[in-house]
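Engineer: Enclosed is the structure file coords15.pdb (PDB, C-alpha atoms).
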MODEL        1
ATOM      1  CA  MET A  28     115.493 -62.962  55.324  1.00  0.00           C
ATOM      2  CA  LYS A  29     119.176 -62.690  54.454  1.00  0.00           C
ATOM      3  CA  ILE A  30     121.201 -64.755  56.923  1.00  0.00           C
ATOM      4  CA  GLY A  31     124.965 -65.013  57.291  1.00  0.00           C
ATOM      5  CA  ILE A  32     126.607 -68.280  58.239  1.00  0.00           C
ATOM      6  CA  GLY A  33     130.168 -68.799  59.395  1.00  0.00           C
ATOM      7  CA  ASN A  34     132.144 -71.765  60.596  1.00  0.00           C
ATOM      8  CA  ASP A  35     135.607 -73.069  61.251  1.00  0.00           C
ATOM      9  CA  HIS A  36     137.175 -76.373  60.245  1.00  0.00           C
ATOM     10  CA  ALA A  37     135.372 -78.265  63.047  1.00  0.00           C
ATOM     11  CA  ALA A  38     131.964 -77.462  61.592  1.00  0.00           C
ATOM     12  CA  VAL A  39     132.187 -77.769  57.809  1.00  0.00           C
ATOM     13  CA  GLU A  40     129.688 -80.615  57.462  1.00  0.00           C
ATOM     14  CA  MET A  41     127.214 -79.106  59.933  1.00  0.00           C
ATOM     15  CA  LYS A  42     127.466 -75.691  58.237  1.00  0.00           C
ATOM     16  CA  MET A  43     126.591 -77.225  54.866  1.00  0.00           C
ATOM     17  CA  GLN A  44     123.528 -78.959  56.339  1.00  0.00           C
ATOM     18  CA  ILE A  45     122.356 -75.862  58.254  1.00  0.00           C
ATOM     19  CA  LYS A  46     122.841 -73.671  55.176  1.00  0.00           C
ATOM     20  CA  GLU A  47     120.720 -76.065  53.109  1.00  0.00           C
ATOM     21  CA  PHE A  48     118.131 -76.228  55.906  1.00  0.00           C
ATOM     22  CA  MET A  49     117.779 -72.430  56.074  1.00  0.00           C
ATOM     23  CA  GLU A  50     117.539 -72.176  52.297  1.00  0.00           C
ATOM     24  CA  GLY A  51     114.783 -74.805  52.468  1.00  0.00           C
ATOM     25  CA  LEU A  52     112.927 -72.469  54.836  1.00  0.00           C
ATOM     26  CA  GLY A  53     113.072 -69.794  52.120  1.00  0.00           C
ATOM     27  CA  HIS A  54     115.986 -67.708  53.398  1.00  0.00           C
ATOM     28  CA  GLU A  55     118.924 -66.352  51.436  1.00  0.00           C
ATOM     29  CA  VAL A  56     122.122 -67.589  53.090  1.00  0.00           C
ATOM     30  CA  VAL A  57     125.527 -65.936  52.705  1.00  0.00           C
ATOM     31  CA  ASN A  58     128.490 -68.185  53.482  1.00  0.00           C
ATOM     32  CA  TYR A  59     131.349 -66.489  55.362  1.00  0.00           C
ATOM     33  CA  GLY A  60     132.871 -69.729  56.613  1.00  0.00           C
ATOM     34  CA  VAL A  61     135.284 -72.321  55.325  1.00  0.00           C
ATOM     35  CA  ASP A  62     134.346 -75.286  53.163  1.00  0.00           C
ATOM     36  CA  THR A  63     137.340 -77.532  53.853  1.00  0.00           C
ATOM     37  CA  PRO A  64     138.575 -79.272  57.008  1.00  0.00           C
ATOM     38  CA  GLU A  65     142.001 -77.593  56.965  1.00  0.00           C
ATOM     39  CA  SER A  66     142.707 -75.819  60.234  1.00  0.00           C
ATOM     40  CA  CYS A  67     141.668 -72.161  60.264  1.00  0.00           C
ATOM     41  CA  ASP A  68     141.334 -69.331  62.773  1.00  0.00           C
ATOM     42  CA  TYR A  69     137.771 -68.960  64.057  1.00  0.00           C
ATOM     43  CA  PRO A  70     138.308 -65.362  65.337  1.00  0.00           C
ATOM     44  CA  GLU A  71     138.666 -64.140  61.750  1.00  0.00           C
ATOM     45  CA  ILE A  72     135.383 -65.776  60.776  1.00  0.00           C
ATOM     46  CA  GLY A  73     133.574 -64.499  63.870  1.00  0.00           C
ATOM     47  CA  GLU A  74     134.761 -60.976  63.109  1.00  0.00           C
ATOM     48  CA  ARG A  75     133.809 -61.257  59.425  1.00  0.00           C
ATOM     49  CA  VAL A  76     130.281 -62.377  60.290  1.00  0.00           C
ATOM     50  CA  GLY A  77     129.990 -59.813  63.093  1.00  0.00           C
ATOM     51  CA  ASN A  78     130.874 -57.050  60.646  1.00  0.00           C
ATOM     52  CA  ALA A  79     128.324 -58.327  58.129  1.00  0.00           C
ATOM     53  CA  VAL A  80     125.592 -58.230  60.778  1.00  0.00           C
ATOM     54  CA  ALA A  81     126.622 -54.862  62.230  1.00  0.00           C
ATOM     55  CA  SER A  82     126.755 -53.238  58.779  1.00  0.00           C
ATOM     56  CA  GLY A  83     123.358 -54.615  57.744  1.00  0.00           C
ATOM     57  CA  GLU A  84     124.831 -56.728  54.965  1.00  0.00           C
ATOM     58  CA  VAL A  85     122.817 -59.595  56.491  1.00  0.00           C
ATOM     59  CA  ASP A  86     119.848 -59.486  58.860  1.00  0.00           C
ATOM     60  CA  CYS A  87     121.260 -61.974  61.362  1.00  0.00           C
ATOM     61  CA  ALA A  88     123.690 -64.885  61.417  1.00  0.00           C
ATOM     62  CA  VAL A  89     124.525 -68.377  62.592  1.00  0.00           C
ATOM     63  CA  LEU A  90     128.043 -69.248  63.735  1.00  0.00           C
ATOM     64  CA  ILE A  91     129.361 -72.766  64.261  1.00  0.00           C
ATOM     65  CA  CYS A  92     132.691 -73.944  65.629  1.00  0.00           C
ATOM     66  CA  GLY A  93     133.625 -76.850  67.883  1.00  0.00           C
ATOM     67  CA  THR A  94     131.752 -75.442  70.892  1.00  0.00           C
ATOM     68  CA  GLY A  95     130.234 -72.231  69.522  1.00  0.00           C
ATOM     69  CA  VAL A  96     132.001 -70.287  72.245  1.00  0.00           C
ATOM     70  CA  GLY A  97     135.213 -69.030  70.630  1.00  0.00           C
ATOM     71  CA  ILE A  98     133.588 -67.880  67.407  1.00  0.00           C
ATOM     72  CA  SER A  99     130.817 -66.082  69.338  1.00  0.00           C
ATOM     73  CA  ILE A 100     133.332 -64.317  71.584  1.00  0.00           C
ATOM     74  CA  ALA A 101     135.098 -63.011  68.467  1.00  0.00           C
ATOM     75  CA  ALA A 102     131.814 -61.833  66.923  1.00  0.00           C
ATOM     76  CA  ASN A 103     130.845 -60.077  70.149  1.00  0.00           C
ATOM     77  CA  LYS A 104     133.929 -57.854  69.861  1.00  0.00           C
ATOM     78  CA  VAL A 105     132.252 -56.102  66.907  1.00  0.00           C
ATOM     79  CA  ASN A 106     130.165 -53.085  67.982  1.00  0.00           C
ATOM     80  CA  GLY A 107     126.473 -53.768  67.545  1.00  0.00           C
ATOM     81  CA  VAL A 108     126.716 -57.542  67.769  1.00  0.00           C
ATOM     82  CA  ARG A 109     124.798 -59.565  70.329  1.00  0.00           C
ATOM     83  CA  ALA A 110     125.901 -63.147  69.722  1.00  0.00           C
ATOM     84  CA  ALA A 111     124.631 -65.894  72.004  1.00  0.00           C
ATOM     85  CA  VAL A 112     125.611 -69.533  72.281  1.00  0.00           C
ATOM     86  CA  CYS A 113     122.591 -71.849  72.201  1.00  0.00           C
ATOM     87  CA  SER A 114     122.572 -75.556  72.942  1.00  0.00           C
ATOM     88  CA  ASP A 115     118.789 -75.891  73.160  1.00  0.00           C
ATOM     89  CA  THR A 116     115.629 -74.375  71.724  1.00  0.00           C
ATOM     90  CA  THR A 117     114.586 -72.608  74.924  1.00  0.00           C
ATOM     91  CA  THR A 118     117.782 -70.580  74.913  1.00  0.00           C
ATOM     92  CA  ALA A 119     117.446 -69.919  71.170  1.00  0.00           C
ATOM     93  CA  HIS A 120     113.964 -68.512  71.690  1.00  0.00           C
ATOM     94  CA  LEU A 121     114.861 -66.414  74.726  1.00  0.00           C
ATOM     95  CA  VAL A 122     118.015 -64.835  73.294  1.00  0.00           C
ATOM     96  CA  LYS A 123     115.891 -63.366  70.521  1.00  0.00           C
ATOM     97  CA  GLU A 124     112.856 -62.566  72.662  1.00  0.00           C
ATOM     98  CA  HIS A 125     114.733 -60.964  75.575  1.00  0.00           C
ATOM     99  CA  ASN A 126     118.182 -59.975  74.246  1.00  0.00           C
ATOM    100  CA  ASN A 127     117.424 -59.299  70.588  1.00  0.00           C
ATOM    101  CA  ALA A 128     120.460 -61.424  69.711  1.00  0.00           C
ATOM    102  CA  ASN A 129     121.442 -60.865  66.108  1.00  0.00           C
ATOM    103  CA  ILE A 130     123.734 -63.901  65.968  1.00  0.00           C
ATOM    104  CA  ILE A 131     123.340 -67.359  67.413  1.00  0.00           C
ATOM    105  CA  ALA A 132     126.165 -69.836  67.759  1.00  0.00           C
ATOM    106  CA  PHE A 133     126.437 -73.485  68.638  1.00  0.00           C
ATOM    107  CA  GLY A 134     129.016 -76.212  68.672  1.00  0.00           C
ATOM    108  CA  ALA A 135     129.309 -78.966  66.095  1.00  0.00           C
ATOM    109  CA  ARG A 136     130.927 -81.056  68.829  1.00  0.00           C
ATOM    110  CA  ILE A 137     128.137 -80.216  71.312  1.00  0.00           C
ATOM    111  CA  VAL A 138     124.799 -80.549  69.508  1.00  0.00           C
ATOM    112  CA  GLY A 139     123.643 -82.994  66.870  1.00  0.00           C
ATOM    113  CA  ILE A 140     122.360 -81.880  63.505  1.00  0.00           C
ATOM    114  CA  GLU A 141     118.662 -82.282  64.335  1.00  0.00           C
ATOM    115  CA  THR A 142     119.042 -80.224  67.518  1.00  0.00           C
ATOM    116  CA  ALA A 143     120.994 -77.626  65.525  1.00  0.00           C
ATOM    117  CA  LYS A 144     118.163 -77.390  62.995  1.00  0.00           C
ATOM    118  CA  ASP A 145     115.631 -77.011  65.799  1.00  0.00           C
ATOM    119  CA  ILE A 146     117.752 -74.261  67.397  1.00  0.00           C
ATOM    120  CA  VAL A 147     117.983 -72.356  64.113  1.00  0.00           C
ATOM    121  CA  LYS A 148     114.271 -72.692  63.326  1.00  0.00           C
ATOM    122  CA  THR A 149     113.286 -71.614  66.840  1.00  0.00           C
ATOM    123  CA  TYR A 150     115.589 -68.578  66.721  1.00  0.00           C
ATOM    124  CA  LEU A 151     114.380 -67.499  63.278  1.00  0.00           C
ATOM    125  CA  GLU A 152     110.726 -67.770  64.306  1.00  0.00           C
ATOM    126  CA  ALA A 153     111.173 -65.867  67.586  1.00  0.00           C
ATOM    127  CA  GLU A 154     110.553 -62.133  67.842  1.00  0.00           C
ATOM    128  CA  PHE A 155     112.058 -59.514  70.119  1.00  0.00           C
ATOM    129  CA  MET A 156     109.521 -58.560  72.801  1.00  0.00           C
ATOM    130  CA  GLY A 157     110.680 -54.992  73.360  1.00  0.00           C
ATOM    131  CA  GLY A 158     109.233 -53.404  76.503  1.00  0.00           C
ATOM    132  CA  ARG A 159     111.425 -53.870  79.561  1.00  0.00           C
ATOM    133  CA  HIS A 160     113.820 -55.880  77.391  1.00  0.00           C
ATOM    134  CA  GLU A 161     114.337 -52.922  75.051  1.00  0.00           C
ATOM    135  CA  ARG A 162     115.675 -50.867  77.960  1.00  0.00           C
ATOM    136  CA  ARG A 163     118.093 -53.635  78.894  1.00  0.00           C
ATOM    137  CA  VAL A 164     119.348 -54.097  75.332  1.00  0.00           C
ATOM    138  CA  ALA A 165     119.893 -50.327  75.214  1.00  0.00           C
ATOM    139  CA  MET A 166     121.915 -50.636  78.425  1.00  0.00           C
ATOM    140  CA  ILE A 167     124.120 -53.235  76.718  1.00  0.00           C
ATOM    141  CA  SER A 168     124.639 -50.831  73.807  1.00  0.00           C
ATOM    142  CA  ASP A 169     125.551 -48.061  76.261  1.00  0.00           C
ATOM    143  CA  ILE A 170     128.192 -50.297  77.858  1.00  0.00           C
ATOM    144  CA  GLU A 171     129.565 -51.070  74.410  1.00  0.00           C
ATOM    145  CA  LYS A 172     129.744 -47.367  73.467  1.00  0.00           C
ATOM    146  CA  LYS A 173     131.356 -46.430  76.775  1.00  0.00           C
ATOM    147  CA  ASN A 174     134.046 -49.067  76.410  1.00  0.00           C
ATOM    148  CA  SER A 175     134.729 -48.527  72.695  1.00  0.00           C
ATOM    149  CA  SER A 176     135.923 -45.002  73.407  1.00  0.00           C
ATOM    150  CA  LYS A 177     138.615 -46.174  75.827  1.00  0.00           C
TER     151      LYS A 177
ENDMDL
END
Would you mind writing the file out in structure tokens?
Structural biologist:
Amino acid sequence: MKIGIGNDHAAVEMKMQIKEFMEGLGHEVVNYGVDTPESCDYPEIGERVGNAVASGEVDCAVLICGTGVGISIAANKVNGVRAAVCSDTTTAHLVKEHNNANIIAFGARIVGIETAKDIVKTYLEAEFMGGRHERRVAMISDIEKKNSSK
């Protein structure tokens, strides 16, 4: 699988470890984040990764900032993105299974590296269930389409 990864200055070290972890699982990882601790603007990175996912450049993505919230909000502004913040493996599994999330995010200041690895592995192994969830994901897309024309 081809996976995008993006981060801000708060998550450089964690990004490097998660990138290496995903590559160790056999995935190709495309880095859209920063590699230095100099302050940067997470909305630009969230948008960049969101566009890569929405265009099909990557299959899915992982975003990391201080909390995971700001960068995921930015990514969610891109049509076709369903980014979800995950601080545990149950959430990581369910956002894929029920919401067909195509991006997960977490905070380098919120979760430790081993939990982050578990979140990523759980998300990547989960599968969208379809069924009643497919209808609900379609409803989310309809809301997005309705509001993008305003």
Engineer: What's around Ala102 of chain A at 9 Å? Count all atoms listed in the file, leave out sequence neighbours fewer than 2 positions away in its own chain, and write the answer as a list in words.
Structural biologist: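 Counting only the stated atoms, we get Pro70, Glu71, Ile72, Gly73, Glu74, Arg75, Val76, Gly77, Asn78, Leu90, Gly97, Ile98, Ser99, Ile100, Lys104, Val105, Asn106, Val108, Arg109, Ala110 and Ile130 of chain A.
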Engineer: One number please: atom CA of Val147 of chain A to atom CA of Ser66 of chain A, in Å, one decimal.
Structural biologist: 25.3 Å
Engineer: So which residues touch Asn58 of chain A within 10 Å, counting only C-alpha atoms, skipping near sequence neighbours fewer than 3 positions away, as JSON, numbers by chain?
Structural biologist: {"A": [30, 31, 32, 33, 34, 42, 43, 46, 55, 61, 62, 76, 88, 89]}
Engineer: Env of Ser175 of chain A: 12 Å cut, atoms = all atoms listed in the file, seq-sep filter 2 positions within chain, self excluded. Answer as a PyMOL selection string.
Structural biologist: chain A and resi 104-107+168-173+177
Engineer: Would you save the residues from that selection as a PDB file, in the coordinates of the input, using C-alpha atoms?
Structural biologist:
ATOM      1  CA  LYS A 104     133.929 -57.854  69.861  1.00  0.00           C
ATOM      2  CA  VAL A 105     132.252 -56.102  66.907  1.00  0.00           C
ATOM      3  CA  ASN A 106     130.165 -53.085  67.982  1.00  0.00           C
ATOM      4  CA  GLY A 107     126.473 -53.768  67.545  1.00  0.00           C
ATOM      5  CA  SER A 168     124.639 -50.831  73.807  1.00  0.00           C
ATOM      6  CA  ASP A 169     125.551 -48.061  76.261  1.00  0.00           C
ATOM      7  CA  ILE A 170     128.192 -50.297  77.858  1.00  0.00           C
ATOM      8  CA  GLU A 171     129.565 -51.070  74.410  1.00  0.00           C
ATOM      9  CA  LYS A 172     129.744 -47.367  73.467  1.00  0.00           C
ATOM     10  CA  LYS A 173     131.356 -46.430  76.775  1.00  0.00           C
ATOM     11  CA  LYS A 177     138.615 -46.174  75.827  1.00  0.00           C
TER      12      LYS A 177
END
Engineer: Can you give me, as JSON, numbers by chain, the residues this file yields under the PyMOL selection byres ((chain A and resi 115) around 12)?
Structural biologist: {"A": [111, 112, 113, 114, 116, 117, 118, 119, 120, 121, 122, 131, 132, 133, 134, 137, 138, 139, 140, 141, 142, 143, 144, 145, 146, 147, 148, 149, 150]}
Engineer: Selected residues, C-alpha atoms, written as an mmCIF file, in the frame of the given file, please.
Structural biologist:
data_model
loop_
_atom_site.group_PDB
_atom_site.id
_atom_site.type_symbol
_atom_site.label_atom_id
_atom_site.label_comp_id
_atom_site.auth_asym_id
_atom_site.auth_seq_id
_atom_site.Cartn_x
_atom_site.Cartn_y
_atom_site.Cartn_z
ATOM 1 C CA ALA A 111 124.631 -65.894 72.004
ATOM 2 C CA VAL A 112 125.611 -69.533 72.281
ATOM 3 C CA CYS A 113 122.591 -71.849 72.201
ATOM 4 C CA SER A 114 122.572 -75.556 72.942
ATOM 5 C CA THR A 116 115.629 -74.375 71.724
ATOM 6 C CA THR A 117 114.586 -72.608 74.924
ATOM 7 C CA THR A 118 117.782 -70.580 74.913
ATOM 8 C CA ALA A 119 117.446 -69.919 71.170
ATOM 9 C CA HIS A 120 113.964 -68.512 71.690
ATOM 10 C CA LEU A 121 114.861 -66.414 74.726
ATOM 11 C CA VAL A 122 118.015 -64.835 73.294
ATOM 12 C CA ILE A 131 123.340 -67.359 67.413
ATOM 13 C CA ALA A 132 126.165 -69.836 67.759
ATOM 14 C CA PHE A 133 126.437 -73.485 68.638
ATOM 15 C CA GLY A 134 129.016 -76.212 68.672
ATOM 16 C CA ILE A 137 128.137 -80.216 71.312
ATOM 17 C CA VAL A 138 124.799 -80.549 69.508
ATOM 18 C CA GLY A 139 123.643 -82.994 66.870
ATOM 19 C CA ILE A 140 122.360 -81.880 63.505
ATOM 20 C CA GLU A 141 118.662 -82.282 64.335
ATOM 21 C CA THR A 142 119.042 -80.224 67.518
ATOM 22 C CA ALA A 143 120.994 -77.626 65.525
ATOM 23 C CA LYS A 144 118.163 -77.390 62.995
ATOM 24 C CA ASP A 145 115.631 -77.011 65.799
ATOM 25 C CA ILE A 146 117.752 -74.261 67.397
ATOM 26 C CA VAL A 147 117.983 -72.356 64.113
ATOM 27 C CA LYS A 148 114.271 -72.692 63.326
ATOM 28 C CA THR A 149 113.286 -71.614 66.840
ATOM 29 C CA TYR A 150 115.589 -68.578 66.721
#
Engineer: Between atom CA of Glu161 of chain A and atom CA of Asn129 of chain A, what distance in Å does the model show, to one decimal?
Structural biologist: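 Distance reported for this atom pair: 13.9 Å.
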Engineer: How would you write, as a count of residues only, the residues chosen by the PyMOL selection byres ((chain A and resi 53) around 12) on this structure?
Structural biologist: 15
Engineer: Of the residues A:Ala101, A:Ala37, A:Val96, A:Ala153, which is the one nearest to Glu65 of chain A, using only C-alpha atoms?
Structural biologist: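 The answer is A:Ala37, which sits nearest to Glu65 of chain A.
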Engineer: Just the residues within 10 Å of Thr63 of chain A, please, counting all atoms listed in the file, with nothing from its chain fewer than 3 positions along; format it as a PDB file with C-alpha atoms, in the frame of the given file.
Structural biologist:
ATOM      1  CA  ASP A  35     135.607 -73.069  61.251  1.00  0.00           C
ATOM      2  CA  HIS A  36     137.175 -76.373  60.245  1.00  0.00           C
ATOM      3  CA  ALA A  37     135.372 -78.265  63.047  1.00  0.00           C
ATOM      4  CA  ALA A  38     131.964 -77.462  61.592  1.00  0.00           C
ATOM      5  CA  VAL A  39     132.187 -77.769  57.809  1.00  0.00           C
ATOM      6  CA  GLU A  40     129.688 -80.615  57.462  1.00  0.00           C
ATOM      7  CA  GLY A  60     132.871 -69.729  56.613  1.00  0.00           C
ATOM      8  CA  SER A  66     142.707 -75.819  60.234  1.00  0.00           C
ATOM      9  CA  CYS A  67     141.668 -72.161  60.264  1.00  0.00           C
TER      10      CYS A  67
END
Engineer: Work out how far apart atom CA of Thr94 of chain A and atom CA of Gln44 of chain A are and give it in Å to one decimal.
Structural biologist: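 About the pair atom CA of Thr94 of chain A and atom CA of Gln44 of chain A: they are 17.1 Å apart.
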Engineer: May I ask which of the residues A:Arg163, A:Ile91, A:Asn103, A:Asn127 is the closest one to Ile45 of chain A, counting all atoms listed in the file?
Structural biologist: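 Answer, going by the shortest atom-to-atom distance: A:Ile91.
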Engineer: Give the padded box for segment 28-34 of chain A as JSON: axis-aligned, covering all atoms listed in the file, 4 Å on each side, centre and edge lengths in Å to one decimal.
Structural biologist:
{"center_x": 123.8, "center_y": -67.2, "center_z": 57.5, "size_x": 24.7, "size_y": 17.1, "size_z": 14.1}
Engineer: Quick one: of A:Val57, A:Glu152, A:Asn126, A:Arg136, who's nearest to Ala165 of chain A, counting all atoms listed in the file?
Structural biologist: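 Ranking A:Val57, A:Glu152, A:Asn126, A:Arg136 by distance to Ala165 of chain A, first place goes to A:Asn126.
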Engineer: Restricting the calculation to all atoms listed in the file: of A:Ala135, A:Val164, A:Ala128, A:Gly158, which residue gets closest to Asp86 of chain A?
Structural biologist: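 Once distances to Asp86 of chain A are computed over all atoms listed in the file, the minimum belongs to A:Ala128.
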Engineer: Considering only C-alpha atoms, state which residue in the set A:Pro64, A:Asn174, A:Ala79, A:His125 is at the smallest distance from Arg159 of chain A.
Structural biologist: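 Checking each of A:Pro64, A:Asn174, A:Ala79, A:His125 against Arg159 of chain A, counting only C-alpha atoms, the winner is A:His125.
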Engineer: Could you check which of A:Tyr59, A:Arg162, A:Cys92, A:Ile167 is closest to Met41 of chain A, using all atoms listed in the file?
Structural biologist: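 Of A:Tyr59, A:Arg162, A:Cys92, A:Ile167, the one nearest Met41 of chain A is A:Cys92, counting all atoms listed in the file.
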Engineer: Since the input has fewer atoms than a full residue there, write segment 104-113 of chain A out with all heavy atoms, as a CSV table (one decimal), in the frame of the given file.
Structural biologist:
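Once everything was written out, this is selection_20.csv:
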chain,number,residue,atom,x,y,z
A,104,LYS,N,133.0,-59.0,69.8
A,104,LYS,CA,133.9,-57.9,69.9
A,104,LYS,C,133.6,-56.8,68.8
A,104,LYS,O,134.1,-55.7,68.9
A,104,LYS,CB,135.4,-58.3,69.6
A,104,LYS,CG,135.9,-59.3,70.7
A,104,LYS,CD,135.8,-58.7,72.1
A,104,LYS,CE,136.3,-59.8,73.1
A,104,LYS,NZ,136.1,-59.3,74.5
A,105,VAL,N,132.7,-57.1,67.9
A,105,VAL,CA,132.3,-56.1,66.9
A,105,VAL,C,131.1,-55.3,67.5
A,105,VAL,O,130.1,-55.8,68.0
A,105,VAL,CB,131.8,-56.8,65.6
A,105,VAL,CG1,131.2,-55.8,64.6
A,105,VAL,CG2,132.9,-57.6,65.0
A,106,ASN,N,131.2,-54.0,67.5
A,106,ASN,CA,130.2,-53.1,68.0
A,106,ASN,C,128.9,-53.4,67.3
A,106,ASN,O,128.8,-53.5,66.1
A,106,ASN,CB,130.5,-51.6,67.8
A,106,ASN,CG,131.6,-51.1,68.7
A,106,ASN,OD1,131.8,-51.7,69.8
A,106,ASN,ND2,132.2,-50.0,68.4
A,107,GLY,N,127.8,-53.5,68.1
A,107,GLY,CA,126.5,-53.8,67.5
A,107,GLY,C,126.1,-55.2,67.5
A,107,GLY,O,124.9,-55.5,67.2
A,108,VAL,N,127.0,-56.1,67.8
A,108,VAL,CA,126.7,-57.5,67.8
A,108,VAL,C,126.3,-58.0,69.1
A,108,VAL,O,126.9,-57.7,70.2
A,108,VAL,CB,127.9,-58.3,67.3
A,108,VAL,CG1,127.8,-59.8,67.5
A,108,VAL,CG2,128.2,-58.1,65.8
A,109,ARG,N,125.2,-58.9,69.1
A,109,ARG,CA,124.8,-59.6,70.3
A,109,ARG,C,124.7,-61.0,69.9
A,109,ARG,O,123.7,-61.5,69.5
A,109,ARG,CB,123.5,-59.0,70.8
A,109,ARG,CG,123.6,-57.6,71.4
A,109,ARG,CD,122.2,-57.1,71.9
A,109,ARG,NE,121.2,-57.1,70.8
A,109,ARG,CZ,121.2,-56.2,69.8
A,109,ARG,NH1,122.1,-55.2,69.7
A,109,ARG,NH2,120.3,-56.3,68.8
A,110,ALA,N,125.8,-61.7,70.1
A,110,ALA,CA,125.9,-63.1,69.7
A,110,ALA,C,125.7,-64.0,71.0
A,110,ALA,O,126.3,-63.7,72.0
A,110,ALA,CB,127.2,-63.5,69.1
A,111,ALA,N,124.9,-65.0,70.9
A,111,ALA,CA,124.6,-65.9,72.0
A,111,ALA,C,124.8,-67.4,71.6
A,111,ALA,O,124.3,-67.8,70.6
A,111,ALA,CB,123.2,-65.6,72.5
A,112,VAL,N,125.5,-68.1,72.5
A,112,VAL,CA,125.6,-69.5,72.3
A,112,VAL,C,124.3,-70.2,72.7
A,112,VAL,O,123.8,-70.0,73.8
A,112,VAL,CB,126.8,-70.1,73.1
A,112,VAL,CG1,127.0,-71.6,72.9
A,112,VAL,CG2,128.1,-69.4,72.6
A,113,CYS,N,123.8,-71.1,71.9
A,113,CYS,CA,122.6,-71.8,72.2
A,113,CYS,C,122.8,-73.3,72.0
A,113,CYS,O,123.3,-73.8,71.0
A,113,CYS,CB,121.5,-71.4,71.3
A,113,CYS,SG,121.1,-69.7,71.3
